[in-house]
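Participant: Hey, dropping input_22.csv in here, CSV, C-alpha atoms and all ligand atoms:
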```csv
chain,number,residue,atom,x,y,z
A,1,MET,CA,2.9,74.2,106.1
A,2,LYS,CA,4.2,75.1,109.5
A,3,PRO,CA,7.8,74.5,110.5
A,4,LEU,CA,8.4,71.2,112.4
A,5,LEU,CA,9.7,71.3,116.0
A,6,PHE,CA,11.5,68.1,117.2
A,7,THR,CA,12.2,68.1,120.9
A,8,LEU,CA,15.4,66.3,121.8
A,9,HIS,CA,15.9,67.6,125.4
A,10,ALA,CA,13.9,70.2,127.2
A,11,ALA,CA,11.8,70.8,130.3
A,12,ASP,CA,8.3,69.4,129.7
A,13,SER,CA,6.9,72.9,130.5
A,14,LEU,CA,9.1,74.5,127.8
A,15,ALA,CA,8.4,71.8,125.2
A,16,SER,CA,4.6,72.3,125.6
A,17,ASP,CA,4.8,76.1,125.7
A,18,MET,CA,6.8,76.1,122.5
A,19,LEU,CA,4.1,74.0,120.7
A,20,ALA,CA,1.2,75.9,122.3
A,21,GLY,CA,2.5,79.1,120.7
A,22,GLY,CA,1.0,77.8,117.3
A,23,LEU,CA,4.2,78.5,115.3
A,24,PHE,CA,5.1,74.8,114.9
A,25,ASP,CA,3.8,71.3,114.1
A,26,GLU,CA,5.3,68.7,116.3
A,27,GLY,CA,7.8,66.3,114.8
A,28,ASN,CA,8.5,62.9,116.2
A,29,VAL,CA,11.9,61.4,116.6
A,30,GLU,CA,13.0,57.9,117.6
A,31,ARG,CA,16.2,57.8,119.7
A,32,ARG,CA,18.0,55.1,121.5
A,33,ARG,CA,21.5,53.8,122.4
A,34,PHE,CA,23.0,50.8,120.8
A,35,PRO,CA,24.4,48.3,123.4
A,36,ASP,CA,27.8,49.8,123.0
A,37,GLY,CA,26.5,53.2,124.0
A,38,GLU,CA,26.5,54.8,120.5
A,39,SER,CA,23.5,57.0,119.6
A,40,TYR,CA,20.7,56.0,117.1
A,41,VAL,CA,18.4,58.6,115.7
A,42,ARG,CA,15.5,58.4,113.2
A,43,LEU,CA,13.2,61.2,112.2
A,44,GLU,CA,9.7,59.6,112.1
A,45,THR,CA,8.0,62.7,110.7
A,46,GLY,CA,8.8,63.5,107.0
A,47,VAL,CA,10.9,66.7,106.7
A,48,GLU,CA,11.3,67.2,102.9
A,49,ASP,CA,11.0,70.9,101.9
A,50,ARG,CA,10.0,71.8,105.5
A,51,ALA,CA,11.6,74.1,107.9
A,52,VAL,CA,12.9,71.9,110.7
A,53,VAL,CA,13.9,73.1,114.2
A,54,PHE,CA,15.4,71.1,117.0
A,55,LEU,CA,14.8,72.1,120.6
A,56,CYS,CA,17.7,70.8,122.7
A,57,SER,CA,19.0,72.3,125.8
A,58,LEU,CA,22.7,71.6,126.1
A,59,ASP,CA,23.2,71.0,129.8
A,60,ARG,CA,25.4,67.9,130.2
A,61,PRO,CA,26.4,68.4,126.5
A,62,ASP,CA,28.6,65.4,126.1
A,63,GLU,CA,25.6,63.2,126.6
A,64,ARG,CA,23.5,65.1,124.0
A,65,VAL,CA,25.7,66.6,121.2
A,66,MET,CA,26.1,63.4,119.1
A,67,THR,CA,22.4,62.8,119.0
A,68,LEU,CA,21.8,66.4,118.1
A,69,LEU,CA,24.3,66.3,115.3
A,70,LEU,CA,23.0,63.1,113.9
A,71,ALA,CA,19.4,64.4,114.0
A,72,ALA,CA,20.5,67.6,112.1
A,73,GLU,CA,22.3,65.5,109.5
A,74,ALA,CA,19.2,63.3,109.0
A,75,ALA,CA,17.1,66.4,108.4
A,76,GLN,CA,19.5,67.8,105.9
A,77,ALA,CA,19.9,64.5,104.1
A,78,GLN,CA,16.1,64.1,103.8
A,79,GLY,CA,15.7,67.5,102.2
A,80,ALA,CA,14.7,69.9,105.0
A,81,GLN,CA,14.4,73.4,103.6
A,82,GLN,CA,16.3,74.7,106.7
A,83,VAL,CA,17.5,73.2,109.9
A,84,GLY,CA,17.6,75.5,113.0
A,85,LEU,CA,18.6,74.9,116.6
A,86,ILE,CA,16.9,76.3,119.7
A,87,ALA,CA,19.3,75.6,122.5
A,88,PRO,CA,18.0,77.4,125.6
A,89,TYR,CA,21.2,76.6,127.4
A,90,LEU,CA,24.3,76.9,125.2
A,91,ALA,CA,27.1,74.8,126.6
A,92,TYR,CA,30.9,75.3,126.5
A,93,MET,CA,30.7,79.1,126.5
A,94,ARG,CA,32.5,79.7,129.8
A,95,GLN,CA,35.9,78.5,128.7
A,96,ASP,CA,36.4,81.5,126.3
A,97,LYS,CA,40.2,81.8,126.8
A,98,ALA,CA,43.2,79.7,127.8
A,99,PHE,CA,43.8,80.7,131.4
A,100,ARG,CA,46.8,78.3,131.7
A,101,PRO,CA,49.2,77.1,128.9
A,102,GLY,CA,47.9,74.1,127.1
A,103,GLU,CA,44.2,74.6,127.9
A,104,ALA,CA,41.6,74.0,125.1
A,105,VAL,CA,39.3,77.0,124.5
A,106,SER,CA,35.9,75.4,124.1
A,107,ALA,CA,33.7,78.3,123.0
A,108,PRO,CA,34.9,78.8,119.4
A,109,VAL,CA,35.4,75.0,118.9
A,110,PHE,CA,31.8,74.3,120.0
A,111,ALA,CA,30.4,77.2,117.9
A,112,GLU,CA,32.3,75.9,114.8
A,113,ILE,CA,30.8,72.4,115.3
A,114,LEU,CA,27.2,73.8,115.5
A,115,SER,CA,27.8,76.2,112.6
A,116,ARG,CA,28.6,73.4,110.3
A,117,ARG,CA,25.4,71.5,111.0
A,118,PHE,CA,22.7,74.2,111.5
A,119,ASP,CA,21.4,77.1,109.4
A,120,TRP,CA,20.8,79.2,112.5
A,121,LEU,CA,20.8,79.1,116.3
A,122,VAL,CA,18.7,80.7,119.0
A,123,THR,CA,19.8,80.5,122.6
A,124,LEU,CA,18.9,82.3,125.9
A,125,GLU,CA,21.2,84.5,127.9
A,126,PRO,CA,24.4,82.8,126.8
A,127,HIS,CA,27.5,83.3,129.0
A,128,LEU,CA,29.4,85.9,127.1
A,129,HIS,CA,32.3,87.5,128.8
A,130,ARG,CA,35.5,88.0,126.8
A,131,ILE,CA,33.6,87.0,123.7
A,132,THR,CA,30.9,89.7,123.7
A,133,SER,CA,28.7,88.6,120.8
A,134,LEU,CA,27.8,85.2,119.4
A,135,ASP,CA,28.7,86.6,115.9
A,136,GLU,CA,32.3,86.5,117.0
A,137,ILE,CA,32.3,82.7,117.1
A,138,PHE,CA,29.3,81.5,115.0
A,139,THR,CA,29.4,81.6,111.2
A,140,ILE,CA,25.6,81.2,111.0
A,141,PRO,CA,22.9,83.7,112.2
A,142,ALA,CA,23.0,83.2,116.0
A,143,ARG,CA,20.6,85.1,118.3
A,144,ALA,CA,20.6,85.5,122.1
A,145,ALA,CA,17.1,85.8,123.5
A,146,GLU,CA,16.6,87.6,126.7
A,147,ALA,CA,15.2,86.2,129.9
A,148,THR,CA,14.8,89.7,131.5
A,149,GLN,CA,11.1,90.1,130.9
A,150,PRO,CA,9.9,86.7,132.2
A,151,ILE,CA,12.2,87.1,135.2
A,152,ALA,CA,10.9,90.6,135.9
A,153,GLU,CA,7.3,89.3,135.7
A,154,TRP,CA,8.0,86.5,138.1
A,155,ILE,CA,9.6,88.9,140.6
A,156,ALA,CA,6.8,91.4,140.3
A,157,ALA,CA,4.3,88.6,141.0
A,158,HIS,CA,6.1,86.9,143.9
A,159,VAL,CA,8.4,89.4,145.7
A,160,GLU,CA,7.5,92.5,147.7
A,161,ARG,CA,9.9,95.4,147.4
A,162,PRO,CA,12.7,93.6,145.6
A,163,PHE,CA,16.3,94.7,145.8
A,164,LEU,CA,18.2,93.1,143.0
A,165,VAL,CA,21.7,91.8,143.5
A,166,GLY,CA,24.1,90.8,140.6
A,167,PRO,CA,27.0,88.6,141.5
A,168,ASP,CA,29.6,90.2,139.3
A,169,SER,CA,30.3,92.9,136.7
A,170,GLU,CA,29.2,90.6,133.9
A,171,SER,CA,25.7,90.5,135.4
A,172,ALA,CA,25.5,94.3,135.5
A,173,PRO,CA,23.8,94.9,132.1
A,174,TRP,CA,21.0,92.5,132.6
A,175,ILE,CA,20.5,93.3,136.3
A,176,GLU,CA,20.1,96.9,135.2
A,177,ARG,CA,17.5,95.8,132.5
A,178,ILE,CA,15.5,93.7,135.1
A,179,ALA,CA,15.7,96.6,137.6
A,180,ALA,CA,14.5,99.1,135.0
A,181,ARG,CA,11.4,96.9,134.2
A,182,LEU,CA,10.6,96.7,137.9
A,183,ASP,CA,11.7,100.2,138.8
A,184,ALA,CA,13.6,98.5,141.6
A,185,PRO,CA,17.0,99.4,143.2
A,186,PHE,CA,20.0,97.1,142.7
A,187,ALA,CA,23.6,96.4,143.6
A,188,VAL,CA,26.3,94.6,141.5
A,189,LEU,CA,28.9,92.8,143.6
A,190,GLU,CA,32.5,91.8,142.7
A,191,LYS,CA,33.3,88.1,142.4
A,192,GLU,CA,36.7,86.5,142.4
A,193,ARG,CA,36.7,82.7,141.5
A,194,LEU,CA,39.0,80.7,143.8
A,195,GLY,CA,38.2,77.2,142.5
A,196,ASP,CA,35.3,75.2,140.9
A,197,HIS,CA,33.2,75.5,144.1
A,198,GLU,CA,34.6,78.5,145.8
A,199,VAL,CA,34.3,82.2,145.2
A,200,ARG,CA,35.2,85.4,147.1
A,201,ILE,CA,32.6,88.1,147.0
A,202,GLY,CA,33.4,91.8,147.3
A,203,GLY,CA,31.5,95.0,146.6
A,204,THR,CA,28.8,96.6,148.6
A,205,LEU,CA,25.0,96.2,149.2
A,206,GLY,CA,24.5,99.9,149.4
A,207,GLY,CA,20.8,100.7,148.9
A,208,LEU,CA,19.4,97.6,150.6
A,209,ARG,CA,16.9,99.3,153.0
A,210,PRO,CA,14.8,97.8,155.8
A,211,GLY,CA,11.6,96.1,154.3
A,212,MET,CA,13.3,95.2,151.0
A,213,THR,CA,13.7,91.6,149.9
A,214,PRO,CA,17.2,90.9,148.3
A,215,VAL,CA,16.8,89.0,145.0
A,216,VAL,CA,20.1,87.5,143.7
A,217,VAL,CA,19.9,86.8,140.0
A,218,ASP,CA,22.6,84.8,138.2
A,219,ASP,CA,22.8,83.5,134.7
A,220,ILE,CA,24.2,80.1,135.6
A,221,VAL,CA,24.1,78.2,138.8
A,222,SER,CA,26.4,75.2,138.7
A,223,SER,CA,28.0,74.2,142.0
A,224,GLY,CA,25.9,76.7,143.9
A,225,GLY,CA,29.1,78.2,145.4
A,226,THR,CA,28.4,81.8,144.1
A,227,LEU,CA,24.8,81.8,145.5
A,228,ALA,CA,25.8,80.3,148.8
A,229,THR,CA,28.5,82.9,149.4
A,230,ILE,CA,26.2,85.8,148.4
A,231,VAL,CA,23.3,84.6,150.4
A,232,GLU,CA,25.5,84.2,153.6
A,233,ARG,CA,27.0,87.6,153.0
A,234,ILE,CA,23.5,89.2,152.8
A,235,ALA,CA,22.4,87.4,155.9
A,236,GLN,CA,25.5,88.6,157.9
A,237,GLU,CA,25.3,92.2,156.7
A,238,ALA,CA,21.6,92.8,156.5
A,239,ASP,CA,20.1,89.9,158.6
A,240,ARG,CA,17.7,89.1,155.7
A,241,ALA,CA,16.9,85.9,153.8
A,242,ALA,CA,17.3,86.2,150.0
A,243,VAL,CA,15.4,85.0,147.0
A,244,CYS,CA,17.6,83.5,144.3
A,245,ILE,CA,16.9,83.3,140.6
A,246,ALA,CA,18.9,81.2,138.1
A,247,VAL,CA,18.4,81.4,134.4
A,248,HIS,CA,20.2,78.1,133.8
A,249,ALA,CA,19.9,75.6,136.6
A,250,LEU,CA,22.9,73.3,136.0
A,251,TYR,CA,23.0,72.0,139.5
A,252,GLY,CA,21.5,68.6,140.5
A,253,GLU,CA,20.9,68.9,144.3
A,254,LEU,CA,21.8,72.2,145.8
A,255,PRO,CA,24.9,72.0,148.1
A,256,ALA,CA,23.7,71.0,151.6
A,257,PRO,CA,24.6,74.2,153.3
A,258,LEU,CA,22.6,76.3,150.8
A,259,ALA,CA,19.7,73.9,150.6
A,260,SER,CA,19.2,73.9,154.4
A,261,SER,CA,20.2,77.6,154.8
A,262,ALA,CA,17.7,79.8,156.7
A,263,SER,CA,19.3,82.6,154.6
A,264,LEU,CA,17.7,81.2,151.4
A,265,GLN,CA,14.0,82.2,151.2
A,266,ALA,CA,13.3,80.7,147.8
A,267,LEU,CA,15.0,79.5,144.6
A,268,ALA,CA,13.4,79.8,141.2
A,269,SER,CA,15.0,78.9,137.9
A,270,SER,CA,13.8,79.4,134.3
A,271,ASP,CA,12.8,76.3,132.4
A,272,SER,CA,15.8,76.6,130.1
A,273,VAL,CA,17.2,73.5,131.7
A,274,PRO,CA,14.8,70.8,133.3
A,275,HIS,CA,15.0,71.1,137.1
A,276,ALA,CA,12.8,70.8,140.1
A,277,SER,CA,13.3,74.5,140.7
A,278,ASN,CA,11.8,75.6,137.3
A,279,ARG,CA,9.3,78.3,137.9
A,280,ILE,CA,9.9,80.8,135.1
A,281,GLY,CA,8.7,80.0,131.5
A,282,ILE,CA,10.9,81.3,128.8
A,283,ALA,CA,9.2,80.1,125.6
A,284,ASN,CA,8.0,83.5,124.5
A,285,PRO,CA,11.5,85.2,123.9
A,286,LEU,CA,12.8,82.0,122.2
A,287,LEU,CA,9.7,81.8,119.9
A,288,ALA,CA,10.1,85.5,119.0
A,289,GLU,CA,13.7,85.1,117.8
A,290,ALA,CA,13.1,81.7,116.2
A,291,GLU,CA,10.1,83.0,114.2
A,292,GLN,CA,12.2,85.8,112.7
A,293,LEU,CA,15.1,83.5,111.7
A,294,ILE,CA,12.7,80.9,110.1
A,295,THR,CA,11.2,83.7,108.0
A,296,LEU,CA,14.6,85.1,107.0
A,297,ASN,CA,15.7,81.6,105.9
A,298,LEU,CA,12.5,81.0,104.0
A,299,LYS,CA,13.0,84.3,102.1
A,300,ARG,CA,16.6,83.5,101.3
A,301,HIS,CA,15.5,80.1,100.0
A,302,ARG,CA,13.0,81.7,97.6
A,303,LEU,CA,15.5,84.2,96.1
A,401,LIG,C1,30.0,82.8,136.1
A,401,LIG,O1,30.6,83.9,135.8
A,401,LIG,C2,28.5,82.7,136.0
A,401,LIG,O2,27.9,84.0,135.8
A,401,LIG,C3,28.0,82.1,137.3
A,401,LIG,O3,28.1,83.1,138.4
A,401,LIG,C4,28.7,80.9,137.7
A,401,LIG,O4,28.8,80.0,136.6
A,401,LIG,C5,28.1,80.2,138.9
A,401,LIG,O5,28.7,79.0,139.2
A,401,LIG,P1,28.7,78.3,140.6
A,401,LIG,O6,27.2,78.0,140.9
A,401,LIG,O7,29.5,77.0,140.4
A,401,LIG,O8,29.3,79.2,141.6
```
In structure tokens, write the structure found in this file.

Facilitator:
Amino acid sequence: MKPLLFTLHAADSLASDMLAGGLFDEGNVERRRFPDGESYVRLETGVEDRAVVFLCSLDRPDERVMTLLLAAEAAQAQGAQQVGLIAPYLAYMRQDKAFRPGEAVSAPVFAEILSRRFDWLVTLEPHLHRITSLDEIFTIPARAAEATQPIAEWIAAHVERPFLVGPDSESAPWIERIAARLDAPFAVLEKERLGDHEVRIGGTLGGLRPGMTPVVVDDIVSSGGTLATIVERIAQEADRAAVCIAVHALYGELPAPLASSASLQALASSDSVPHASNRIGIANPLLAEAEQLITLNLKRHRL
């Protein structure tokens, strides 16, 4: 029997691409809130002796995590052979250190909670900075799928003569990988965060030549402050409108100055988080990692 995929929260495009891959049967789950706001979960599809995988992007995590944990517990209690989690966006990774005395450090706490309930985890381009590998904080097999191939394919199909721009040093490794796939030039800027919505951008756009289209690629777009600042900087320095790409679109509406900016030519996000700007499908890299982990867990079970 195929593994079961229960979708708890995902873009419609991603949920259907995951099932279209042929790896999974679809599982059905009933969810609702009690009148007091608490979560109710019931797995309608039988899971005994089956590999069970939950697809749940973790944007707005505080609204989703309890349902996810209850669903995982229900699957374990009903005899699932393994319970995996595909969380295209993995929340709480950015607070990876106490910047001020007394601050909670969310990344290891959240990883510990998920490690207790799941046998494995697959995510996409997690925000890893001072923590450099998921293995440092997860005690279960945890894999980071890459969005570089689908992003490069989208750029190749939609942008002429791209010049890639990374906002900060953390973006350098994957900007380099996307650039290599496209054989395109790139620059990596320097970002200093001044507040939740405000950043200062340094560094140079050396290499941006006439006729090239600047393409800013960031892993997370939240307030939109980083993109807005970079797009304005490119417009001032190079008199060019930029294309922007976000892997994880955590913004609701774009901030007004960016949304109405003549300096923003287009904004495309991956479908890791449901959003009107979703253009780039990322099911394939998630499926590839999940298939390997399901197989490893099936083998371990048989030993
Ligand atoms: C931070 O280091 C990330 O890579 C993003 O650049 C950041 O989260 C973007 O946030 P915002 O849209 O609020 O500027």

Participant: Please extract the residues at most 8 Å from ligand LIG 401 (chain A), counting all atoms listed in the file, and provide them as a list in words, using the chain letters and residue numbers of this document.

Facilitator: Arg94, His127, Pro167, Asp168, Glu170, Ser171, Asp196, His197, Glu198, Val199, Asp218, Asp219, Ile220, Val221, Ser222, Ser223, Gly224, Gly225, Thr226, Leu227 and Tyr251 of chain A

Participant: Find, counting all atoms listed in the file, the residue in A:Ile201, A:Val159, A:Ala152, A:Ala249 that gets nearest to A:Arg177.

Facilitator: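 Under the stated criterion, the closest residue is A:Ala152.
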
Participant: At most 12 Å is the cut-off: for each residue in stretch 29-57 of chain A with any atom that close to an atom of stretch 265-288 of chain A, write down the nearest atom pair and the distance in Å rounded to one decimal, counting all atoms listed in the file, chain first then increasing number, as JSON lines.

Facilitator:
```
{"residue": "A:Val53", "atom": "CA", "partner": "A:Leu287", "partner_atom": "CA", "distance": 11.2}
{"residue": "A:Leu55", "atom": "CA", "partner": "A:Leu286", "partner_atom": "CA", "distance": 10.2}
{"residue": "A:Cys56", "atom": "CA", "partner": "A:Val273", "partner_atom": "CA", "distance": 9.4}
{"residue": "A:Ser57", "atom": "CA", "partner": "A:Val273", "partner_atom": "CA", "distance": 6.3}
```

Participant: So, with all atoms listed in the file as the atoms that count, which of A:His129, A:Arg200, A:Arg143, A:Arg161 lies closest to A:Leu182?

Facilitator: A:Arg161

Participant: Could you tell me how far atom CA of A:Ser261 sits from atom CA of A:Gly202, in Å to one decimal place?

Facilitator: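 Atom-to-atom, atom CA of A:Gly202 to atom CA of A:Ser261, that is 20.8 Å.
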
Participant: Name all residues at most 9 Å from stretch 98-111 of chain A (count all atoms listed in the file; drop same-chain ones fewer than 2 positions away) and give them as a list of chain:residue names.

Facilitator: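 Near stretch 98-111 of chain A, the qualifying residues are A:Ala91, A:Tyr92, A:Met93, A:Arg94, A:Gln95, A:Asp96, A:Ile113, A:Leu114, A:Ser115, A:Arg116, A:Ile131, A:Leu134, A:Glu136, A:Ile137, A:Phe138, A:Thr139.
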
Participant: Just to confirm, what's the straight-line distance from atom CA of A:Ala142 to atom CA of A:Leu58 in Å (one decimal)?

Facilitator: 15.4 Å

Participant: Which one is closest to A:Pro126: A:Gln149, A:Val247, A:His158, A:Phe163? Count all atoms listed in the file.

Facilitator: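 Among A:Gln149, A:Val247, A:His158, A:Phe163, it is A:Val247 that comes nearest to A:Pro126.
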
Participant: Neighbouring residues of A:Glu160 were defined as those with any atom within 10 Å, considering only C-alpha atoms; residues of the same chain fewer than 2 positions away were excluded. Please report them as an MDAnalysis selection string.

Facilitator: chainID A and resid 155:158 162:163 211:214

Participant: Pick out the closest residue to A:Val83 from this set: A:Gly195, A:Gly206, A:Pro3, A:Pro173. Count all atoms listed in the file.

Facilitator: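 Selected residue with least distance to A:Val83: A:Pro3.
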
Participant: Looking at all atoms listed in the file, which of A:Arg50, A:Glu232, A:Glu237, A:Ala77 is the one that sits closest to A:Ala262?

Facilitator: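 Checking each candidate against A:Ala262, we get A:Glu232 as the closest.
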
Participant: Which one is closest to A:Ala184: A:Leu124, A:Gly207, A:Ala242, A:Ser169? Count only C-alpha atoms.

Facilitator: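 Smallest separation from A:Ala184 among the options: A:Gly207.
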
Participant: What is the atom CA of A:His9-atom CA of A:Val52 distance in Å, reported with one decimal?

Facilitator: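 Value for the atom CA of A:His9-atom CA of A:Val52 distance: 15.6 Å.
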